[in-house]
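Since the structure comes first, as structure tokens, the remarks are kept for the end.
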Amino acid sequence: MKVLIAIQGRHPYSFSDKCVLPTVVDFCLKKITEPEPDVLSFEQFLIQCMVMVKCVLECKEYKPSLTGRVMDENVVTLEQMKKSISGAVSGVLTSLMTSERIVVLCNILIRRYFVLSTNDLEEWYQSPESFHHEQDMVQWTEKLRPCAEALYIVLFENHSQLLGPVVVSILKEAMNGCPTSVTEITPGLLLKDAAYGAAAYVYYELSNYLSFKDWFNGALSLELSNDHPNMRIIHRKVALILGQWVSEIKEDTKRPVYCALIRLLQDKDLSVRLAACRSLCLHIEDASFSEREFIDLLPICWESCFKLIEKVQEFDSKVQVLNLISILIGHMSEVMPFANKLILFFQKVWEESSGECLLQIQLLVALRNFVVALGYQSPICYDILLPILQKGIDIDSPDELNLLEDSMLLWEATLSHAPSMVPQLLAYFPCVVKIMERSFDHLQIAVSITEDYIILGGSEFLSIHASSVAQILDLVVGNVNDRGLLSTLPVIDILIQCFPLEVPQLISSTLQKLIVICLGGGDDQDPSKTAVKASSAAILARILVMNTNYLAHLTSEPSLLLLLQSSGIPTEENVLLCLVDIWLDKADNVSSIQRKTYGLALSIILTLRLPQVLNKLDQILSVCTTVILGGNDDLTEESSGDNITSSGSLSKGTIPSKEFRRRQLKFSDPINQMSLDASVRENLQTCATLHGESFNKAIGCMHPSAFSQLKQALKMA
């Protein structure tokens with residue numbers, strides 16, 4: 001049977017032969033629905049029969065194509081052959097799996113294979129935790145009941161209109177045959193458990209036949225009021241239903257459902273508590289989750305989680321509970337009142353998680369959510385956070401391979417929400433260099449961390465780690481793809497904005513590479529290359545505006561000329577004038593702040609004692625005019641939301657987050673303070689003085705309408 005399953009999966013069209021597919025599927029259906037005693041006890045074989053039927057029902061090659069094309073009738077293509085086979089197989093399966101046979105199969109799956117056996121109940125009694133994980137996390141092909149459930153779900157998906165009323169009928173029969181007051185483990189109770197499971201798995205269709213509100217109020221909530229130990233069987237399924245049906249639970253039923261799940265989270269049976277734990281995750285993550293209805297349940301929910309993680313022994317259980325805690329932190333606004341308890345909890349779990357990487361990863365995720373939730377108050381958890389962080393970002397640590405990515409995300413969140421830089425965080429920065437030296441796998445987050453340090457650490461950071469910053473940028477620029485460059489260039493821009501006199505000479509090697517990028521070709525048909533070239537040119541324009549002498553020095557460096565030659569870029573023309581061509585060419589490919597930077601740089605070019613400037617005068621003034629008349633859209637966009645930050649509203653006394661600091665930087669950018677029209681007016685006069693009659697001739701060649709716009713932009717009479 002395993003061989004047949006493998007062949008069907010690899011060669012579905014060949015397997016569909018009329019001598020093979022119908023025979024095999026018919027055989028499997030008979031073994032599932034009418035097994036001989038020896039087959040019934042041979043679970044592994046029954047599992048393979050179910051797997052085969054499920055594979056055939058799911059096989060996309062056996063579903064008739066809904067699209068058709070007019071083709072040359074005399075030529076039969078491979079696609080037409082496949083379509084023909086699909087149509088034929090679909091007909092064979094329809095005749096093989098009649099409505100009657102489908103209903104029988106559905107009934108048998110629920111009534112026979114979903115029902116808990118004596119062995120199941122014994123296993124549950126001995127170890128409820130193991131039972132929960134075996135039922136919920138085991139591969140569906142390994143155990144008979146999960147396999148039957150998987151086959152049932154596919155069967156229902158294929159025949160939902162036929163089977164919807166059937167499942168509801170079984171559910172009602174089971175509920176009538178076993179009232180909520182029954183506590184003995186009878187066949188009726190076990191059938192109700194099986195029917196509840198069947199209804200849970202196909203909630204998306206059954207909601208057309210069954211009102212959740214009526215079901216919950218009329219039966220499910222009553223089941224939960226019965227505390228008899230045997231009711232754990234039903235309680236576990238109720239927990240499953242409440243999670244699976246989350247999308248069907250309307251506003252007026254949310255509150256009682258939340259209360260029911262909190263009650264199940266406190267059940268005596270660990271399997272029930274773990275099922276409730278998973279369902280609570282589904283509710284809190286649901287788009288229509290109502291924090292208002294849940295908020296007063298939060299203290300007891302936290303307490304129940306802390307108690308549950310103390311009680312469970314298995315690694316999977318701890319991960320599951322920690323996941324709920326992480327989701328609660330990420331979705332609830334009221335975290336601060338529970339901060340001290342959470343800090344103690346995280347400390348304890350970390351100490352106990354040594355060697356358990358998956359648990360530690362879940363803890364890192366929870367800690368990241370915790371830091372974000374605390375916002376500017378996050379330093380209260382630094383005593384536990386920073387040692388954990390230090391271990392996670394150490395690439396020489398034995399667990400580094402598993403923990404590095406989540407540790408870096410935690411690192412970035414810590415910096416983003418830090419009210420100020422602390423010495424320990426400042427000391428961690430060299431780890432970024434080590435991580436980047438090894439590979440660019442974590443480039444995006446490493447770039448974001450570097451930006452955090454620049455914005456948060458300021459001059460103190462640069463005075464200590466200037467060489468490390470230069471090393472990182474030199475590693476990245478020239479060695480990563482365009483996407484990587486586009487995420488790195490804004491960091492270089494911020495760095496130069498914050499330290500225009502100190503930084504350019506520190507990163508001269510990187511800046512030379514940016515000049516090579518600007519003067520190289522190949523961006524005509526590639527939008528990402530155009531974006532890289534335009535952003536690189538904007539950085540160089542910023543340096544010209546904020547540190548004019550340095551760019552003039554850099555563009556005449558012999559080492560730059562050698563680099564350009566080795567890159568195959570001709571160097572006959574003045575490099576600075578080559579950059580002017582880029583600024584003129586890319587003015588339409590940048591943001592408005594970058595466009596203004598271009599304009600300011602071009603206005604400075606007017607002051608050069610080079611006759612070639614006059615050849616470009618018309619274009620230079622055209623770009624400057626467009627920028628002046630166009631205004632600054634970036635600041636207009638930002639100002640509408642400048643009171644919102646990632647750590648909440650900026651009320652008085654709130655210490656700003658990274659997002660707010662970034663906005664402050666943007667508004668205090670010297671480029672924004674400079675007047676382009678004043679700069680152009682002043683530098684035009686300098687240009688006229690330098691070039692005399694040649695200047696007048698160049699101005700005289702301007703198109704009248706362009707000259708008129710220039711006068712309007714410069715507010716000239």
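Going through the structure tokens in order, the chains are called A, B, and so on, while each chain numbers its residues from 1 and the ligands are numbered from 1 in the order shown.
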Region 187-349 of chain A: residues DSSP assigns to helix (DSSP H, G or I), reported as an MDAnalysis selection string: chainID A and resid 187:201 203:206 212:224 229:244 246:248 251:265 270:285 291:311 315:331 336:349
Contacts of Ile110 (chain A) within 7 Å, only C-alpha atoms, excl. fewer than 2 positions in-chain, as a list of chain:residue names: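 Surrounding residues, per the criterion: A:Cys106, A:Asn107, A:Ile108, A:Arg112, A:Tyr113, A:Phe114, A:Ala194, A:Ala195, A:Ala198.
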Pro387 (chain A) environment, 12 Å, only C-alpha atoms, sequence neighbours closer than 2 positions dropped, as a PyMOL selection string: chain A and resi 347+350-351+381-385+389-394+407+411+424-425+428
Ala200 (chain A) environment, 10 Å, only C-alpha atoms, sequence neighbours closer than 5 positions dropped, as a list in words: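 In the requested form, the answer reads Ala194, Ala195, Leu206, Lys237, Val238, Ala239, Leu240, Ile241, Leu242, Gly243, Gln244 and Trp245 of chain A.
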Neighbour list for Leu322 (chain A) as a PDB file with all heavy atoms, in the first residue's frame, cut-off 10 Å, only C-alpha atoms, skip fewer than 2 positions in-chain:
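Output below, filename part_33.pdb:
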```
ATOM      1  N   CYS A 277      -5.371  26.631  26.373  1.00  0.00           N
ATOM      2  CA  CYS A 277      -4.230  27.521  26.120  1.00  0.00           C
ATOM      3  C   CYS A 277      -4.125  27.824  24.620  1.00  0.00           C
ATOM      4  O   CYS A 277      -3.998  28.984  24.206  1.00  0.00           O
ATOM      5  CB  CYS A 277      -2.966  26.835  26.634  1.00  0.00           C
ATOM      6  SG  CYS A 277      -1.467  27.751  26.393  1.00  0.00           S
ATOM      7  N   CYS A 305      -1.562  31.051  33.631  1.00  0.00           N
ATOM      8  CA  CYS A 305      -0.414  30.713  32.770  1.00  0.00           C
ATOM      9  C   CYS A 305       0.809  30.397  33.618  1.00  0.00           C
ATOM     10  O   CYS A 305       1.530  29.417  33.348  1.00  0.00           O
ATOM     11  CB  CYS A 305      -0.096  31.869  31.826  1.00  0.00           C
ATOM     12  SG  CYS A 305      -1.279  32.088  30.501  1.00  0.00           S
ATOM     13  N   PHE A 306       1.069  31.233  34.635  1.00  0.00           N
ATOM     14  CA  PHE A 306       2.240  31.013  35.487  1.00  0.00           C
ATOM     15  C   PHE A 306       2.133  29.668  36.211  1.00  0.00           C
ATOM     16  O   PHE A 306       3.109  28.921  36.318  1.00  0.00           O
ATOM     17  CB  PHE A 306       2.378  32.138  36.520  1.00  0.00           C
ATOM     18  CG  PHE A 306       2.639  33.497  35.917  1.00  0.00           C
ATOM     19  CD1 PHE A 306       2.244  34.658  36.570  1.00  0.00           C
ATOM     20  CD2 PHE A 306       3.268  33.624  34.684  1.00  0.00           C
ATOM     21  CE1 PHE A 306       2.473  35.912  36.011  1.00  0.00           C
ATOM     22  CE2 PHE A 306       3.498  34.868  34.121  1.00  0.00           C
ATOM     23  CZ  PHE A 306       3.104  36.017  34.785  1.00  0.00           C
ATOM     24  N   ILE A 309       2.637  26.669  33.646  1.00  0.00           N
ATOM     25  CA  ILE A 309       4.019  26.396  33.228  1.00  0.00           C
ATOM     26  C   ILE A 309       4.812  25.753  34.364  1.00  0.00           C
ATOM     27  O   ILE A 309       5.782  25.035  34.131  1.00  0.00           O
ATOM     28  CB  ILE A 309       4.709  27.672  32.686  1.00  0.00           C
ATOM     29  CG1 ILE A 309       5.749  27.271  31.623  1.00  0.00           C
ATOM     30  CG2 ILE A 309       5.328  28.502  33.782  1.00  0.00           C
ATOM     31  CD1 ILE A 309       6.116  28.354  30.646  1.00  0.00           C
ATOM     32  N   ASP A 316       7.267  20.635  24.944  1.00  0.00           N
ATOM     33  CA  ASP A 316       6.237  21.161  24.041  1.00  0.00           C
ATOM     34  C   ASP A 316       5.173  21.953  24.799  1.00  0.00           C
ATOM     35  O   ASP A 316       4.649  22.951  24.296  1.00  0.00           O
ATOM     36  CB  ASP A 316       5.559  20.020  23.265  1.00  0.00           C
ATOM     37  CG  ASP A 316       6.455  19.479  22.164  1.00  0.00           C
ATOM     38  OD1 ASP A 316       7.328  20.222  21.697  1.00  0.00           O
ATOM     39  OD2 ASP A 316       6.275  18.306  21.780  1.00  0.00           O
ATOM     40  N   SER A 317       4.860  21.492  26.007  1.00  0.00           N
ATOM     41  CA  SER A 317       3.856  22.182  26.824  1.00  0.00           C
ATOM     42  C   SER A 317       4.356  23.566  27.221  1.00  0.00           C
ATOM     43  O   SER A 317       3.624  24.556  27.155  1.00  0.00           O
ATOM     44  CB  SER A 317       3.547  21.378  28.085  1.00  0.00           C
ATOM     45  OG  SER A 317       3.166  20.064  27.764  1.00  0.00           O
ATOM     46  N   LYS A 318       5.621  23.629  27.632  1.00  0.00           N
ATOM     47  CA  LYS A 318       6.185  24.916  28.055  1.00  0.00           C
ATOM     48  C   LYS A 318       6.204  25.908  26.890  1.00  0.00           C
ATOM     49  O   LYS A 318       5.896  27.090  27.056  1.00  0.00           O
ATOM     50  CB  LYS A 318       7.598  24.703  28.611  1.00  0.00           C
ATOM     51  CG  LYS A 318       7.589  23.947  29.935  1.00  0.00           C
ATOM     52  CD  LYS A 318       8.979  23.772  30.517  1.00  0.00           C
ATOM     53  CE  LYS A 318       8.885  23.047  31.857  1.00  0.00           C
ATOM     54  NZ  LYS A 318      10.185  22.840  32.497  1.00  0.00           N
ATOM     55  N   VAL A 319       6.554  25.413  25.712  1.00  0.00           N
ATOM     56  CA  VAL A 319       6.564  26.273  24.523  1.00  0.00           C
ATOM     57  C   VAL A 319       5.157  26.804  24.253  1.00  0.00           C
ATOM     58  O   VAL A 319       4.965  27.985  23.943  1.00  0.00           O
ATOM     59  CB  VAL A 319       7.097  25.506  23.286  1.00  0.00           C
ATOM     60  CG1 VAL A 319       6.868  26.302  22.015  1.00  0.00           C
ATOM     61  CG2 VAL A 319       8.583  25.195  23.450  1.00  0.00           C
ATOM     62  N   GLN A 320       4.156  25.927  24.412  1.00  0.00           N
ATOM     63  CA  GLN A 320       2.762  26.318  24.142  1.00  0.00           C
ATOM     64  C   GLN A 320       2.292  27.399  25.109  1.00  0.00           C
ATOM     65  O   GLN A 320       1.665  28.382  24.703  1.00  0.00           O
ATOM     66  CB  GLN A 320       1.866  25.082  24.244  1.00  0.00           C
ATOM     67  CG  GLN A 320       0.552  25.245  23.507  1.00  0.00           C
ATOM     68  CD  GLN A 320      -0.252  23.944  23.487  1.00  0.00           C
ATOM     69  OE1 GLN A 320       0.298  22.856  23.505  1.00  0.00           O
ATOM     70  NE2 GLN A 320      -1.554  24.073  23.465  1.00  0.00           N
ATOM     71  N   LEU A 324       1.373  31.550  24.498  1.00  0.00           N
ATOM     72  CA  LEU A 324       0.190  32.296  24.944  1.00  0.00           C
ATOM     73  C   LEU A 324       0.606  33.566  25.683  1.00  0.00           C
ATOM     74  O   LEU A 324       0.050  34.651  25.444  1.00  0.00           O
ATOM     75  CB  LEU A 324      -0.692  31.422  25.839  1.00  0.00           C
ATOM     76  CG  LEU A 324      -1.883  32.139  26.509  1.00  0.00           C
ATOM     77  CD1 LEU A 324      -2.795  32.796  25.472  1.00  0.00           C
ATOM     78  CD2 LEU A 324      -2.677  31.173  27.382  1.00  0.00           C
ATOM     79  N   ILE A 325       1.598  33.454  26.564  1.00  0.00           N
ATOM     80  CA  ILE A 325       2.069  34.625  27.314  1.00  0.00           C
ATOM     81  C   ILE A 325       2.596  35.687  26.354  1.00  0.00           C
ATOM     82  O   ILE A 325       2.311  36.875  26.485  1.00  0.00           O
ATOM     83  CB  ILE A 325       3.148  34.202  28.343  1.00  0.00           C
ATOM     84  CG1 ILE A 325       2.482  33.406  29.477  1.00  0.00           C
ATOM     85  CG2 ILE A 325       3.907  35.399  28.889  1.00  0.00           C
ATOM     86  CD1 ILE A 325       3.439  32.715  30.412  1.00  0.00           C
ATOM     87  N   SER A 326       3.353  35.244  25.362  1.00  0.00           N
ATOM     88  CA  SER A 326       3.915  36.162  24.364  1.00  0.00           C
ATOM     89  C   SER A 326       2.805  36.876  23.592  1.00  0.00           C
ATOM     90  O   SER A 326       2.861  38.095  23.366  1.00  0.00           O
ATOM     91  CB  SER A 326       4.815  35.373  23.397  1.00  0.00           C
ATOM     92  OG  SER A 326       5.344  36.201  22.407  1.00  0.00           O
ATOM     93  N   ILE A 327       1.773  36.119  23.203  1.00  0.00           N
ATOM     94  CA  ILE A 327       0.648  36.692  22.446  1.00  0.00           C
ATOM     95  C   ILE A 327      -0.138  37.680  23.318  1.00  0.00           C
ATOM     96  O   ILE A 327      -0.537  38.749  22.858  1.00  0.00           O
ATOM     97  CB  ILE A 327      -0.264  35.562  21.914  1.00  0.00           C
ATOM     98  CG1 ILE A 327       0.460  34.823  20.766  1.00  0.00           C
ATOM     99  CG2 ILE A 327      -1.603  36.098  21.430  1.00  0.00           C
ATOM    100  CD1 ILE A 327      -0.200  33.527  20.352  1.00  0.00           C
ATOM    101  N   LEU A 328      -0.316  37.332  24.587  1.00  0.00           N
ATOM    102  CA  LEU A 328      -1.002  38.242  25.513  1.00  0.00           C
ATOM    103  C   LEU A 328      -0.253  39.569  25.611  1.00  0.00           C
ATOM    104  O   LEU A 328      -0.850  40.647  25.523  1.00  0.00           O
ATOM    105  CB  LEU A 328      -1.091  37.613  26.913  1.00  0.00           C
ATOM    106  CG  LEU A 328      -2.219  36.607  27.159  1.00  0.00           C
ATOM    107  CD1 LEU A 328      -1.982  35.877  28.467  1.00  0.00           C
ATOM    108  CD2 LEU A 328      -3.573  37.301  27.191  1.00  0.00           C
ATOM    109  N   PHE A 346      10.092  35.394  33.490  1.00  0.00           N
ATOM    110  CA  PHE A 346      11.077  35.252  32.404  1.00  0.00           C
ATOM    111  C   PHE A 346      12.429  34.790  32.947  1.00  0.00           C
ATOM    112  O   PHE A 346      13.105  33.963  32.343  1.00  0.00           O
ATOM    113  CB  PHE A 346      11.254  36.578  31.655  1.00  0.00           C
ATOM    114  CG  PHE A 346      10.094  36.940  30.768  1.00  0.00           C
ATOM    115  CD1 PHE A 346       9.593  38.241  30.717  1.00  0.00           C
ATOM    116  CD2 PHE A 346       9.485  35.982  29.967  1.00  0.00           C
ATOM    117  CE1 PHE A 346       8.527  38.571  29.896  1.00  0.00           C
ATOM    118  CE2 PHE A 346       8.411  36.306  29.135  1.00  0.00           C
ATOM    119  CZ  PHE A 346       7.934  37.605  29.114  1.00  0.00           C
ATOM    120  N   VAL A 349      12.148  31.013  33.770  1.00  0.00           N
ATOM    121  CA  VAL A 349      12.064  30.169  32.571  1.00  0.00           C
ATOM    122  C   VAL A 349      13.409  30.125  31.851  1.00  0.00           C
ATOM    123  O   VAL A 349      13.842  29.070  31.382  1.00  0.00           O
ATOM    124  CB  VAL A 349      10.957  30.675  31.618  1.00  0.00           C
ATOM    125  CG1 VAL A 349      10.969  29.898  30.311  1.00  0.00           C
ATOM    126  CG2 VAL A 349       9.589  30.539  32.275  1.00  0.00           C
ATOM    127  N   LEU A 359      12.541  26.427  23.177  1.00  0.00           N
ATOM    128  CA  LEU A 359      11.938  27.136  24.307  1.00  0.00           C
ATOM    129  C   LEU A 359      12.585  28.515  24.463  1.00  0.00           C
ATOM    130  O   LEU A 359      11.903  29.516  24.704  1.00  0.00           O
ATOM    131  CB  LEU A 359      12.109  26.312  25.588  1.00  0.00           C
ATOM    132  CG  LEU A 359      11.398  26.828  26.845  1.00  0.00           C
ATOM    133  CD1 LEU A 359       9.903  26.924  26.618  1.00  0.00           C
ATOM    134  CD2 LEU A 359      11.692  25.919  28.038  1.00  0.00           C
ATOM    135  N   GLN A 360      13.898  28.572  24.282  1.00  0.00           N
ATOM    136  CA  GLN A 360      14.600  29.851  24.399  1.00  0.00           C
ATOM    137  C   GLN A 360      14.183  30.817  23.281  1.00  0.00           C
ATOM    138  O   GLN A 360      14.048  32.014  23.507  1.00  0.00           O
ATOM    139  CB  GLN A 360      16.118  29.622  24.376  1.00  0.00           C
ATOM    140  CG  GLN A 360      16.628  28.951  25.650  1.00  0.00           C
ATOM    141  CD  GLN A 360      18.132  28.762  25.654  1.00  0.00           C
ATOM    142  OE1 GLN A 360      18.766  28.627  24.609  1.00  0.00           O
ATOM    143  NE2 GLN A 360      18.712  28.740  26.840  1.00  0.00           N
ATOM    144  N   GLN A 362      11.232  30.882  21.851  1.00  0.00           N
ATOM    145  CA  GLN A 362       9.899  31.366  22.227  1.00  0.00           C
ATOM    146  C   GLN A 362      10.013  32.433  23.309  1.00  0.00           C
ATOM    147  O   GLN A 362       9.272  33.423  23.314  1.00  0.00           O
ATOM    148  CB  GLN A 362       9.052  30.201  22.722  1.00  0.00           C
ATOM    149  CG  GLN A 362       7.576  30.511  22.835  1.00  0.00           C
ATOM    150  CD  GLN A 362       6.929  30.786  21.492  1.00  0.00           C
ATOM    151  OE1 GLN A 362       6.910  29.941  20.626  1.00  0.00           O
ATOM    152  NE2 GLN A 362       6.413  31.984  21.310  1.00  0.00           N
ATOM    153  N   LEU A 363      10.975  32.246  24.214  1.00  0.00           N
ATOM    154  CA  LEU A 363      11.192  33.225  25.283  1.00  0.00           C
ATOM    155  C   LEU A 363      11.715  34.546  24.711  1.00  0.00           C
ATOM    156  O   LEU A 363      11.306  35.627  25.134  1.00  0.00           O
ATOM    157  CB  LEU A 363      12.178  32.661  26.311  1.00  0.00           C
ATOM    158  CG  LEU A 363      12.423  33.535  27.544  1.00  0.00           C
ATOM    159  CD1 LEU A 363      11.148  33.684  28.356  1.00  0.00           C
ATOM    160  CD2 LEU A 363      13.513  32.944  28.429  1.00  0.00           C
ATOM    161  N   VAL A 365      11.072  35.712  21.756  1.00  0.00           N
ATOM    162  CA  VAL A 365       9.915  36.349  21.107  1.00  0.00           C
ATOM    163  C   VAL A 365       9.049  37.050  22.159  1.00  0.00           C
ATOM    164  O   VAL A 365       8.611  38.193  21.976  1.00  0.00           O
ATOM    165  CB  VAL A 365       9.080  35.306  20.326  1.00  0.00           C
ATOM    166  CG1 VAL A 365       7.781  35.925  19.816  1.00  0.00           C
ATOM    167  CG2 VAL A 365       9.889  34.735  19.168  1.00  0.00           C
ATOM    168  N   ALA A 366       8.815  36.349  23.277  1.00  0.00           N
ATOM    169  CA  ALA A 366       7.992  36.925  24.354  1.00  0.00           C
ATOM    170  C   ALA A 366       8.667  38.167  24.938  1.00  0.00           C
ATOM    171  O   ALA A 366       8.015  39.178  25.209  1.00  0.00           O
ATOM    172  CB  ALA A 366       7.761  35.878  25.444  1.00  0.00           C
TER     173      ALA A 366
END
```
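The residue that comes closest to Met436 (chain A), out of A:Ala287, A:Leu21, A:Val476, A:Leu4 and on the basis of only C-alpha atoms, is A:Val476.
One distance worth recording is that between CA of Ser509 (chain A) and CA of Gln594 (chain A), which is 22.4 Å.
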Minimum-distance residue to Asp296 (chain A), chosen among A:Leu621, A:Cys357, A:Met332, A:Val39 (using only C-alpha atoms): A:Met332
Best match for closeness to Thr414 (chain A) among A:Leu96, A:Ile7, A:Ala688, A:Leu367, counting only C-alpha atoms: A:Leu367
Selection near region 144-159 of chain A, 8 Å with only C-alpha atoms, sequence-local residues under 4 positions removed, as a list in words: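 Those residues are Glu43, Gln44, Leu46, Ile47, Met50, Val51, Val53, Lys54, Leu57, Glu58, Ile102, Cys106, Leu109, Tyr113, Phe114, Gln135, Val138, Gln139, Trp140, Leu163, Gly164, Ala198, Tyr201 and Val202 of chain A.
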Mind writing the picked residues with C-alpha atoms as a tab-separated table (two decimals), in the first residue's frame?
```
chain	number	residue	atom	x	y	z
A	43	GLU	CA	-3.82	-0.15	12.49
A	44	GLN	CA	-0.80	0.62	10.31
A	46	LEU	CA	-5.76	0.96	7.92
A	47	ILE	CA	-3.73	4.18	8.15
A	50	MET	CA	-6.87	6.19	4.60
A	51	VAL	CA	-3.77	7.97	3.31
A	53	VAL	CA	-8.05	7.72	-0.27
A	54	LYS	CA	-7.07	11.15	1.07
A	57	LEU	CA	-9.42	13.05	-3.07
A	58	GLU	CA	-6.88	15.88	-2.82
A	102	ILE	CA	-19.66	9.17	0.94
A	106	CYS	CA	-18.35	9.98	6.90
A	109	LEU	CA	-15.03	7.83	10.34
A	113	TYR	CA	-12.46	5.98	14.20
A	114	PHE	CA	-13.01	9.25	16.10
A	135	GLN	CA	-3.38	13.88	19.71
A	138	VAL	CA	1.56	14.00	16.08
A	139	GLN	CA	2.04	13.56	12.33
A	140	TRP	CA	-1.39	12.61	10.96
A	163	LEU	CA	-22.13	16.16	4.47
A	164	GLY	CA	-23.07	19.36	6.34
A	198	ALA	CA	-16.16	16.38	13.87
A	201	TYR	CA	-12.77	20.56	12.43
A	202	VAL	CA	-15.20	21.86	9.78
```
Filtered DSSP result for region 544-691 of chain A, state strand (DSSP E), as a ChimeraX atom specification: /A:644-645,648-649
